[in-house]
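coords_34.cif follows; it contains mmCIF, C-alpha atoms.
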data_run
loop_
_atom_site.label_atom_id
_atom_site.label_comp_id
_atom_site.auth_asym_id
_atom_site.auth_seq_id
_atom_site.Cartn_x
_atom_site.Cartn_y
_atom_site.Cartn_z
CA MET A 1 0.00 0.00 0.00
CA THR A 2 1.31 3.41 -0.93
CA LEU A 3 0.15 6.45 0.98
CA ARG A 4 1.11 10.08 0.73
CA ILE A 5 0.54 12.29 3.76
CA ARG A 6 2.03 15.76 3.36
CA ILE A 7 1.97 19.06 5.17
CA SER A 8 0.15 21.16 2.58
CA ARG A 9 1.59 24.32 1.04
CA ARG A 10 -1.13 26.23 2.87
CA ALA A 11 -0.06 24.72 6.17
CA ALA A 12 3.57 25.50 5.39
CA LEU A 13 2.64 29.12 4.77
CA ALA A 14 0.56 29.09 7.92
CA ALA A 15 3.65 27.98 9.82
CA ALA A 16 5.09 31.40 9.07
CA ALA A 17 2.00 32.92 10.63
CA GLY A 18 2.58 30.61 13.56
CA LEU A 19 5.90 32.35 14.16
CA PHE A 20 4.01 35.56 14.86
CA ALA A 21 1.57 33.61 17.03
CA GLY A 22 4.53 32.33 19.01
CA ALA A 23 5.82 35.87 19.48
CA ALA A 24 2.38 37.05 20.58
CA ALA A 25 2.14 34.20 23.08
CA ALA A 26 5.53 35.21 24.47
CA GLN A 27 4.33 38.75 25.12
CA THR A 28 1.04 37.72 26.72
CA LYS A 29 2.37 34.65 28.54
CA GLU A 30 -0.08 32.30 26.90
CA VAL A 31 0.50 28.87 25.41
CA VAL A 32 -1.67 26.29 23.67
CA ILE A 33 -0.59 22.69 24.25
CA GLY A 34 -1.91 19.92 22.01
CA TYR A 35 -2.26 16.54 23.65
CA GLN A 36 -3.63 13.11 22.77
CA ASP A 37 -5.28 10.27 24.66
CA MET A 38 -2.01 8.80 25.92
CA VAL A 39 -2.04 7.36 29.44
CA VAL A 40 0.88 9.20 31.06
CA PRO A 41 1.54 10.64 34.56
CA TRP A 42 1.53 14.31 33.63
CA ARG A 43 -2.23 14.19 33.03
CA TYR A 44 -2.46 14.73 36.80
CA ALA A 45 -0.48 17.97 36.41
CA GLN A 46 -2.97 19.06 33.77
CA GLU A 47 -5.83 18.41 36.19
CA THR A 48 -4.18 20.30 39.08
CA GLN A 49 -3.10 23.18 36.78
CA GLU A 50 0.48 22.72 37.97
CA VAL A 51 1.94 24.30 34.82
CA GLU A 52 -0.13 27.43 35.32
CA LYS A 53 0.80 27.64 39.01
CA ARG A 54 4.54 27.36 38.42
CA THR A 55 4.84 29.51 35.31
CA GLY A 56 2.11 32.13 35.61
CA TYR A 57 1.13 31.41 32.01
CA LYS A 58 -2.38 30.98 30.74
CA VAL A 59 -2.40 27.41 29.42
CA THR A 60 -4.99 26.12 26.97
CA TYR A 61 -5.07 22.38 26.40
CA ARG A 62 -6.38 21.17 23.06
CA LYS A 63 -7.09 17.46 22.64
CA LEU A 64 -6.24 16.17 19.16
CA GLY A 65 -7.09 12.83 17.60
CA SER A 66 -3.74 11.74 16.15
CA GLY A 67 -0.09 12.60 15.76
CA ALA A 68 -0.82 13.81 12.23
CA GLU A 69 -3.33 16.31 13.66
CA VAL A 70 -0.75 17.48 16.20
CA VAL A 71 1.80 18.04 13.44
CA ARG A 72 -0.68 20.02 11.35
CA ALA A 73 -1.56 22.16 14.38
CA LEU A 74 2.12 22.85 15.06
CA ALA A 75 2.69 23.70 11.39
CA SER A 76 -0.23 26.13 11.30
CA GLY A 77 0.60 27.82 14.59
CA ALA A 78 -2.66 26.66 16.20
CA ILE A 79 -0.60 25.18 19.06
CA GLN A 80 2.88 26.00 20.32
CA ILE A 81 3.63 22.66 22.01
CA GLY A 82 2.34 19.24 21.02
CA GLU A 83 2.71 15.60 21.99
CA ALA A 84 2.99 12.84 19.43
CA GLY A 85 4.93 9.71 18.61
CA SER A 86 8.32 9.45 16.95
CA SER A 87 6.80 8.61 13.58
CA PRO A 88 4.69 11.77 13.08
CA PHE A 89 7.54 13.91 14.40
CA ALA A 90 9.95 12.28 11.93
CA ALA A 91 7.48 13.09 9.15
CA ALA A 92 7.06 16.67 10.40
CA LEU A 93 10.79 17.39 10.52
CA SER A 94 11.26 15.82 7.10
CA GLN A 95 8.68 18.25 5.72
CA GLY A 96 10.25 21.33 7.26
CA VAL A 97 7.93 21.98 10.21
CA PRO A 98 10.01 24.25 12.53
CA ILE A 99 9.89 22.26 15.77
CA GLU A 100 12.22 20.78 18.37
CA ILE A 101 11.62 17.63 20.40
CA PHE A 102 12.50 18.56 23.99
CA TRP A 103 11.01 15.85 26.24
CA ILE A 104 10.44 12.10 25.97
CA LEU A 105 6.98 11.39 27.33
CA ASP A 106 7.64 7.67 27.38
CA ASN A 107 9.55 4.77 25.95
CA ILE A 108 6.61 2.92 24.41
CA ASN A 109 7.77 -0.62 25.19
CA ASP A 110 4.68 -2.83 25.37
CA ALA A 111 2.16 0.01 25.60
CA GLU A 112 1.34 -0.37 21.90
CA ALA A 113 0.40 -3.73 20.48
CA LEU A 114 -0.96 -5.40 17.37
CA VAL A 115 -4.15 -7.22 18.38
CA ALA A 116 -6.27 -9.59 16.27
CA ARG A 117 -10.01 -9.67 16.95
CA ASN A 118 -11.45 -12.96 18.18
CA GLY A 119 -13.25 -14.69 15.32
CA SER A 120 -11.19 -12.92 12.65
CA GLY A 121 -9.21 -16.04 11.80
CA VAL A 122 -5.96 -14.21 12.51
CA ASN A 123 -3.58 -16.05 14.83
CA THR A 124 -0.20 -15.02 13.39
CA LEU A 125 1.24 -12.10 11.43
CA ALA A 126 1.13 -14.25 8.30
CA ASP A 127 -2.65 -14.58 8.72
CA LEU A 128 -3.03 -10.82 8.17
CA LYS A 129 -2.78 -11.22 4.38
CA GLY A 130 -6.03 -9.95 2.91
CA LYS A 131 -7.26 -8.76 6.32
CA LYS A 132 -8.13 -5.26 7.56
CA ILE A 133 -5.98 -3.49 10.15
CA GLY A 134 -7.20 -0.22 11.67
CA LEU A 135 -4.57 2.26 12.86
CA PRO A 136 -3.74 5.98 12.65
CA TYR A 137 -1.60 6.83 9.60
CA VAL A 138 1.87 8.28 10.19
CA SER A 139 1.77 7.12 13.81
CA THR A 140 4.23 5.01 15.78
CA THR A 141 1.87 2.05 15.40
CA HIS A 142 1.69 2.56 11.63
CA PHE A 143 5.48 2.51 11.46
CA HIS A 144 5.76 -0.59 13.65
CA ALA A 145 2.96 -2.38 11.81
CA LEU A 146 4.88 -2.03 8.56
CA VAL A 147 8.13 -3.08 10.25
CA ALA A 148 6.46 -6.15 11.79
CA LEU A 149 4.81 -7.20 8.54
CA GLN A 150 8.02 -6.93 6.53
CA ASP A 151 10.00 -8.72 9.23
CA ALA A 152 7.45 -11.56 9.09
CA GLY A 153 7.73 -11.74 5.30
CA VAL A 154 4.28 -10.26 4.72
CA ASP A 155 4.00 -7.70 1.92
CA PRO A 156 2.21 -4.66 3.44
CA LYS A 157 0.40 -4.23 0.11
CA SER A 158 -1.34 -7.56 0.74
CA VAL A 159 -2.96 -6.14 3.88
CA GLN A 160 -5.77 -3.57 3.96
CA ILE A 161 -4.48 -0.85 6.30
CA LEU A 162 -7.23 1.60 7.20
CA ASN A 163 -6.53 5.12 8.48
CA LEU A 164 -8.58 5.38 11.68
CA ARG A 165 -8.18 7.49 14.81
CA PRO A 166 -8.39 5.64 18.14
CA PRO A 167 -12.10 6.36 18.80
CA GLU A 168 -12.89 5.26 15.25
CA ILE A 169 -10.83 2.09 15.76
CA LEU A 170 -12.89 1.16 18.81
CA ALA A 171 -16.17 1.68 16.93
CA ALA A 172 -14.95 -0.34 13.94
CA TRP A 173 -13.66 -3.08 16.27
CA GLN A 174 -16.98 -3.36 18.06
CA ARG A 175 -18.87 -3.52 14.76
CA GLY A 176 -16.53 -6.21 13.44
CA ASP A 177 -15.43 -4.00 10.53
CA ILE A 178 -11.72 -4.62 11.12
CA ASP A 179 -9.80 -7.82 11.82
CA ALA A 180 -6.94 -6.28 13.79
CA THR A 181 -5.63 -3.03 15.20
CA PHE A 182 -2.28 -1.64 16.29
CA VAL A 183 -3.05 0.96 18.92
CA TRP A 184 -2.42 2.23 22.46
CA ASP A 185 -4.54 2.55 25.60
CA PRO A 186 -7.34 3.20 26.32
CA VAL A 187 -8.46 1.56 23.06
CA LEU A 188 -5.81 -1.15 23.37
CA ALA A 189 -7.25 -2.29 26.71
CA LYS A 190 -10.68 -2.61 25.09
CA ALA A 191 -9.29 -4.54 22.13
CA LYS A 192 -7.48 -6.98 24.42
CA GLU A 193 -10.81 -7.90 26.03
CA SER A 194 -11.96 -9.55 22.79
CA GLY A 195 -8.71 -10.09 20.93
CA LYS A 196 -5.30 -11.72 20.91
CA VAL A 197 -2.02 -9.81 21.07
CA LEU A 198 0.15 -10.85 18.11
CA ILE A 199 3.16 -8.67 18.92
CA THR A 200 4.02 -5.54 20.93
CA SER A 201 6.15 -2.53 20.04
CA GLY A 202 8.66 -3.61 22.67
CA GLN A 203 9.04 -7.00 20.98
CA ILE A 204 9.37 -5.39 17.55
CA ALA A 205 12.05 -3.01 18.84
CA ALA A 206 13.96 -5.86 20.48
CA LYS A 207 13.84 -7.92 17.30
CA THR A 208 14.52 -5.22 14.69
CA GLY A 209 16.31 -2.46 16.63
CA LYS A 210 13.68 0.06 15.48
CA ALA A 211 12.34 1.61 18.67
CA THR A 212 9.46 4.05 19.05
CA PHE A 213 8.65 6.67 21.67
CA ASP A 214 6.21 9.46 22.47
CA ALA A 215 7.53 12.98 22.92
CA LEU A 216 6.75 16.66 23.26
CA ALA A 217 7.86 19.16 20.62
CA VAL A 218 7.79 22.94 20.60
CA ASN A 219 7.64 25.61 17.91
CA LYS A 220 11.21 26.93 17.60
CA THR A 221 10.24 30.60 17.67
CA PHE A 222 8.13 30.11 20.78
CA ALA A 223 11.00 28.18 22.37
CA ARG A 224 13.51 30.99 21.80
CA ALA A 225 11.15 33.52 23.39
CA ASN A 226 10.04 31.33 26.30
CA ASP A 227 13.13 29.64 27.69
CA ALA A 228 12.14 30.07 31.35
CA PHE A 229 8.65 28.72 30.71
CA LEU A 230 10.00 25.59 29.04
CA ALA A 231 12.48 25.01 31.88
CA GLN A 232 9.64 25.17 34.41
CA PHE A 233 7.34 23.08 32.22
CA VAL A 234 9.92 20.31 31.89
CA GLN A 235 10.37 20.32 35.66
CA VAL A 236 6.62 19.77 36.04
CA LEU A 237 6.86 16.83 33.63
CA ALA A 238 9.85 15.37 35.49
CA ASP A 239 8.11 15.74 38.85
CA ALA A 240 4.97 14.04 37.53
CA ASN A 241 6.97 11.07 36.28
CA ARG A 242 8.89 10.85 39.55
CA SER A 243 5.68 10.97 41.57
CA TYR A 244 4.50 7.89 39.68
CA THR A 245 7.72 5.88 39.46
CA ALA A 246 8.63 6.47 43.12
CA ASN A 247 5.29 5.29 44.48
CA LYS A 248 3.33 3.30 41.91
CA ALA A 249 1.16 1.75 44.60
CA ALA A 250 -0.31 5.18 45.38
CA TRP A 251 -1.58 5.41 41.81
CA SER A 252 -4.50 3.08 42.41
CA ALA A 253 -7.81 3.10 40.56
CA GLY A 254 -9.47 5.26 43.20
CA SER A 255 -6.63 7.75 43.62
CA PRO A 256 -6.95 11.38 42.43
CA GLN A 257 -3.92 10.83 40.19
CA VAL A 258 -5.48 7.92 38.31
CA LYS A 259 -8.87 9.62 38.15
CA ALA A 260 -7.17 12.59 36.48
CA VAL A 261 -5.34 10.36 33.99
CA ALA A 262 -8.64 8.67 33.15
CA LYS A 263 -10.45 11.99 32.75
CA TRP A 264 -7.88 13.56 30.41
CA SER A 265 -7.08 10.43 28.39
CA GLY A 266 -10.57 8.98 28.13
CA ALA A 267 -9.46 5.72 29.76
CA GLU A 268 -11.42 3.88 32.45
CA ALA A 269 -9.82 4.38 35.86
CA PRO A 270 -9.56 0.64 36.71
CA THR A 271 -7.43 0.07 33.58
CA VAL A 272 -5.03 2.99 34.12
CA PRO A 273 -2.55 1.40 36.59
CA ALA A 274 -1.97 -1.55 34.25
CA SER A 275 -1.65 0.79 31.28
CA LEU A 276 0.94 2.99 33.02
CA ALA A 277 2.94 -0.13 33.90
CA LEU A 278 3.45 -0.89 30.20
CA TYR A 279 5.50 2.26 29.61
CA ALA A 280 8.99 3.27 30.73
CA PHE A 281 9.28 6.88 31.94
CA VAL A 282 12.76 8.30 31.48
CA PRO A 283 14.33 10.54 34.18
CA PRO A 284 15.68 13.94 33.01
CA ALA A 285 19.38 13.16 33.38
CA GLU A 286 18.98 10.13 31.14
CA GLN A 287 16.85 12.12 28.71
CA ALA A 288 19.62 14.72 28.37
CA SER A 289 22.23 12.02 27.69
CA PRO A 290 23.05 10.43 24.30
CA LYS A 291 20.72 7.58 25.31
CA TRP A 292 17.90 9.93 24.30
CA LEU A 293 18.07 13.65 23.44
CA GLY A 294 21.76 14.48 23.93
CA GLY A 295 24.70 13.77 21.65
CA GLY A 296 23.63 15.59 18.48
CA ARG A 297 23.17 13.39 15.45
CA ASP A 298 24.43 10.40 17.44
CA SER A 299 21.63 10.63 20.00
CA VAL A 300 19.17 7.76 20.15
CA VAL A 301 16.32 10.14 19.30
CA ALA A 302 18.06 11.59 16.23
CA LYS A 303 18.99 8.12 15.00
CA SER A 304 15.49 6.80 15.62
CA LEU A 305 13.96 9.72 13.73
CA ALA A 306 16.34 9.13 10.82
CA ALA A 307 15.51 5.41 10.68
CA THR A 308 11.80 6.13 10.91
CA ALA A 309 11.99 8.77 8.18
CA ALA A 310 13.89 6.42 5.87
CA PHE A 311 11.21 3.78 6.38
CA LEU A 312 8.39 6.28 5.82
CA LYS A 313 10.01 7.43 2.58
CA GLU A 314 10.32 3.82 1.44
CA GLN A 315 6.58 3.45 2.05
CA GLY A 316 5.80 6.66 0.14
CA THR A 317 4.56 8.54 3.21
CA ILE A 318 7.17 11.32 2.91
CA GLN A 319 9.37 12.47 0.06
CA THR A 320 12.54 13.68 1.82
CA VAL A 321 14.91 12.37 4.48
CA LEU A 322 17.08 14.93 6.26
CA PRO A 323 20.85 14.36 6.54
CA ASP A 324 20.73 15.09 10.28
CA TYR A 325 17.65 14.92 12.52
CA SER A 326 19.38 16.49 15.51
CA VAL A 327 18.22 19.83 14.05
CA GLY A 328 14.86 18.89 15.56
CA VAL A 329 16.12 17.69 18.95
CA ASN A 330 16.98 19.94 21.92
CA PRO A 331 18.18 18.46 25.25
CA ALA A 332 18.74 21.85 26.93
CA TRP A 333 15.64 21.92 29.14
CA ALA A 334 15.89 18.28 30.19
CA ALA A 335 19.51 18.94 31.18
CA ARG A 336 18.35 21.67 33.56
CA ALA A 337 15.63 19.59 35.21
CA LYS A 338 16.15 17.75 38.48
#
Do you think you could lay out the structure here as structure tokens?
Amino acid sequence: MTLRIRISRRAALAAAAGLFAGAAAAQTKEVVIGYQDMVVPWRYAQETQEVEKRTGYKVTYRKLGSGAEVVRALASGAIQIGEAGSSPFAAALSQGVPIEIFWILDNINDAEALVARNGSGVNTLADLKGKKIGLPYVSTTHFHALVALQDAGVDPKSVQILNLRPPEILAAWQRGDIDATFVWDPVLAKAKESGKVLITSGQIAAKTGKATFDALAVNKTFARANDAFLAQFVQVLADANRSYTANKAAWSAGSPQVKAVAKWSGAEAPTVPASLALYAFVPPAEQASPKWLGGGRDSVVAKSLAATAAFLKEQGTIQTVLPDYSVGVNPAWAARAK
């Protein structure tokens, strides 16, 4: 299957307008943050307005349905900061969107999985030939689905891959319109109830060396004008992760933390603790090291983006691969966090 997802010329022009929006936000101390339905600790900070309290900024949170939507919003200037997976960010940088990845939300590990619906007749990756898989295009799961299929000797063109956002995946799954999905929680938890996990992102990464992650990126102009804000914001993110990793037992289904994660992500509170346990949350010192954001073009993030972009170009999703993806990676704020 060949697909072509591009940032339109109009969106590229709008990115220039976004530079002025970033400058205006700097003067008025306002920021719009685009987020998705990912189950991550900092949802509790959103609920308690911790970013607003520490920075004095007016923060508007805008929920978006996919990484592709986040990228378009960053390109147009509709948001200044956005969270998405490594695949949409690789596509965005390849297409000239002026952003920098500054924080790793999570190492995806087993938090994304390819699940076959019970009764679909799919028990192995080879069984997916001629079947329908629902997933969001240009997402980390799209990338890993193609990697897994090729690694299993299955031509992706022999599989019907449908571009669906997570809520649409759940509806299609419940109707029996799709045979499999590659997605994350909260939809993944629902799919597991009536499906079989064929392979996880963690297993794909271990087998192929092609890892995926979720991250936060910022408009470069906004970043230059709001250094202190980003330093404080990253500290909020680091503190949220530490609160979870240092005392996971406190994040029970009835806790205010888990209730907040459920509210902002759309997950059901009883499923949140198990969902959080699937991810790895990286401390700031490690994020700033070459293991993740640090080290220039030799950083894990820059290398991962380059590998992802090369794969996306091979699939026809993007047209250009940059010589160095460290132009879109900035470890400065993680290095200052404690």
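Remark: for Pro166 in chain A, the closest of the candidate residues A:Leu64, A:Ala73, A:Leu230, A:Leu105 is A:Leu64 (distances computed over only C-alpha atoms).
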Taking all atoms of range 179-195 of chain A that the file lists, what box with edges along x, y and z, padded by 4 Å per side, do you get, with centre and edge lengths in Å to one decimal, as JSON?
{"center_x": -7.1, "center_y": -3.4, "center_z": 19.3, "size_x": 17.7, "size_y": 21.3, "size_z": 22.9}
Neighbours of range 186-192 of chain A within 10 Å (all atoms listed in the file; same-chain residues fewer than 6 positions away dropped), as number ranges by chain?
-> A: 37-39, 111-118, 166-171, 173-174, 180, 262, 265-269, 271-272, 274-275
Do you have, as JSON lines, the list of residues of range 54-156 of chain A lying at most 10 Å from range 317-330 of chain A, each with its nearest atom pair and that distance in Å to one decimal, counting all atoms listed in the file and ordered by chain then number?
{"residue": "A:Phe89", "atom": "CA", "partner": "A:Gly328", "partner_atom": "CA", "distance": 8.9}
{"residue": "A:Ala90", "atom": "CA", "partner": "A:Tyr325", "partner_atom": "CA", "distance": 8.2}
{"residue": "A:Ala91", "atom": "CA", "partner": "A:Ile318", "partner_atom": "CA", "distance": 6.5}
{"residue": "A:Ala92", "atom": "CA", "partner": "A:Ile318", "partner_atom": "CA", "distance": 9.2}
{"residue": "A:Leu93", "atom": "CA", "partner": "A:Gly328", "partner_atom": "CA", "distance": 6.6}
{"residue": "A:Ser94", "atom": "CA", "partner": "A:Val321", "partner_atom": "CA", "distance": 5.7}
{"residue": "A:Gln95", "atom": "CA", "partner": "A:Thr320", "partner_atom": "CA", "distance": 7.1}
{"residue": "A:Gly96", "atom": "CA", "partner": "A:Leu322", "partner_atom": "CA", "distance": 9.4}
{"residue": "A:Val97", "atom": "CA", "partner": "A:Gly328", "partner_atom": "CA", "distance": 9.3}
{"residue": "A:Pro98", "atom": "CA", "partner": "A:Gly328", "partner_atom": "CA", "distance": 7.8}
{"residue": "A:Ile99", "atom": "CA", "partner": "A:Gly328", "partner_atom": "CA", "distance": 6.0}
{"residue": "A:Glu100", "atom": "CA", "partner": "A:Gly328", "partner_atom": "CA", "distance": 4.3}
{"residue": "A:Ile101", "atom": "CA", "partner": "A:Val329", "partner_atom": "CA", "distance": 4.7}
{"residue": "A:Phe102", "atom": "CA", "partner": "A:Asn330", "partner_atom": "CA", "distance": 5.1}
{"residue": "A:Trp103", "atom": "CA", "partner": "A:Asn330", "partner_atom": "CA", "distance": 8.4}
{"residue": "A:Tyr137", "atom": "CA", "partner": "A:Thr317", "partner_atom": "CA", "distance": 9.0}
{"residue": "A:Val138", "atom": "CA", "partner": "A:Thr317", "partner_atom": "CA", "distance": 7.5}
Name the residues that the PyMOL selection byres ((chain A and resi 130) around 8) picks from the file above, as a PyMOL selection string, using the file's chain letters and numbers.
-> chain A and resi 128-129+131-132+158-160
Go ahead and write the selection's residues with C-alpha atoms as a tab-separated table (two decimals), keeping the file's coordinate frame.
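Printed below is result.tsv as written:
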chain	number	residue	atom	x	y	z
A	128	LEU	CA	-3.03	-10.82	8.17
A	129	LYS	CA	-2.78	-11.22	4.38
A	131	LYS	CA	-7.26	-8.76	6.32
A	132	LYS	CA	-8.13	-5.26	7.56
A	158	SER	CA	-1.34	-7.56	0.74
A	159	VAL	CA	-2.96	-6.14	3.88
A	160	GLN	CA	-5.77	-3.57	3.96
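CA of Gly65 in chain A is positioned 6.2 Å from CA of Gln36 in chain A.
Compared by their closest atoms to Asn123 in chain A, and using all atoms listed in the file, the residues A:Arg43, A:Lys58, A:Lys196, A:Arg72 rank with A:Lys196 nearest.
For the file at hand, the PyMOL selection byres ((chain A and resi 299) around 12) resolves to A:Glu286, A:Gln287, A:Ala288, A:Ser289, A:Pro290, A:Lys291, A:Trp292, A:Leu293, A:Gly294, A:Gly295, A:Gly296, A:Arg297, A:Asp298, A:Val300, A:Val301, A:Ala302, A:Lys303, A:Ser304, A:Leu305, A:Ala306, A:Asp324, A:Tyr325, A:Ser326, A:Val327, A:Gly328, A:Val329, A:Asn330, A:Pro331.
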Where atoms are missing, can you supply N, CA, C and O atoms for range 266-285 of chain A and output the lot as a CSV table (one decimal), in the coordinates of the input?
chain,number,residue,atom,x,y,z
A,266,GLY,N,-9.4,9.7,28.6
A,266,GLY,CA,-10.6,9.0,28.1
A,266,GLY,C,-10.6,7.5,28.5
A,266,GLY,O,-11.4,6.8,28.1
A,267,ALA,N,-9.5,7.1,29.3
A,267,ALA,CA,-9.5,5.7,29.8
A,267,ALA,C,-10.4,5.5,30.9
A,267,ALA,O,-10.9,6.4,31.5
A,268,GLU,N,-10.7,4.2,31.3
A,268,GLU,CA,-11.4,3.9,32.4
A,268,GLU,C,-10.4,3.7,33.6
A,268,GLU,O,-9.4,3.0,33.5
A,269,ALA,N,-10.8,4.4,34.7
A,269,ALA,CA,-9.8,4.4,35.9
A,269,ALA,C,-9.3,3.0,36.3
A,269,ALA,O,-8.1,2.9,36.5
A,270,PRO,N,-10.1,1.9,36.3
A,270,PRO,CA,-9.6,0.6,36.7
A,270,PRO,C,-8.5,0.1,35.8
A,270,PRO,O,-7.7,-0.7,36.2
A,271,THR,N,-8.4,0.6,34.5
A,271,THR,CA,-7.4,0.1,33.6
A,271,THR,C,-6.1,0.9,33.6
A,271,THR,O,-5.1,0.5,33.0
A,272,VAL,N,-6.2,2.1,34.2
A,272,VAL,CA,-5.0,3.0,34.1
A,272,VAL,C,-3.8,2.4,34.8
A,272,VAL,O,-2.7,2.5,34.2
A,273,PRO,N,-3.8,1.9,36.0
A,273,PRO,CA,-2.6,1.4,36.6
A,273,PRO,C,-1.8,0.4,35.7
A,273,PRO,O,-0.6,0.4,35.6
A,274,ALA,N,-2.6,-0.5,35.1
A,274,ALA,CA,-2.0,-1.6,34.2
A,274,ALA,C,-1.4,-0.9,33.0
A,274,ALA,O,-0.4,-1.3,32.5
A,275,SER,N,-2.1,0.1,32.5
A,275,SER,CA,-1.6,0.8,31.3
A,275,SER,C,-0.3,1.5,31.5
A,275,SER,O,0.6,1.5,30.8
A,276,LEU,N,-0.3,2.3,32.7
A,276,LEU,CA,0.9,3.0,33.0
A,276,LEU,C,2.1,2.0,33.1
A,276,LEU,O,3.3,2.4,32.8
A,277,ALA,N,1.9,0.8,33.7
A,277,ALA,CA,2.9,-0.1,33.9
A,277,ALA,C,3.6,-0.6,32.6
A,277,ALA,O,4.7,-1.2,32.6
A,278,LEU,N,2.9,-0.4,31.5
A,278,LEU,CA,3.4,-0.9,30.2
A,278,LEU,C,4.5,0.0,29.6
A,278,LEU,O,5.3,-0.4,28.8
A,279,TYR,N,4.5,1.3,30.1
A,279,TYR,CA,5.5,2.3,29.6
A,279,TYR,C,6.8,2.3,30.5
A,279,TYR,O,6.7,1.9,31.6
A,280,ALA,N,7.8,2.9,29.9
A,280,ALA,CA,9.0,3.3,30.7
A,280,ALA,C,9.1,4.8,30.7
A,280,ALA,O,9.1,5.4,29.6
A,281,PHE,N,9.2,5.4,31.9
A,281,PHE,CA,9.3,6.9,31.9
A,281,PHE,C,10.7,7.3,32.3
A,281,PHE,O,11.2,6.9,33.3
A,282,VAL,N,11.3,8.0,31.4
A,282,VAL,CA,12.8,8.3,31.5
A,282,VAL,C,13.1,9.5,32.3
A,282,VAL,O,12.5,10.6,32.1
A,283,PRO,N,14.0,9.4,33.3
A,283,PRO,CA,14.3,10.5,34.2
A,283,PRO,C,15.1,11.6,33.4
A,283,PRO,O,15.7,11.3,32.4
A,284,PRO,N,15.1,12.9,33.8
A,284,PRO,CA,15.7,13.9,33.0
A,284,PRO,C,17.2,13.8,32.7
A,284,PRO,O,17.6,14.1,31.6
A,285,ALA,N,17.9,13.3,33.7
A,285,ALA,CA,19.4,13.2,33.4
A,285,ALA,C,19.6,12.2,32.2
A,285,ALA,O,20.5,12.4,31.4
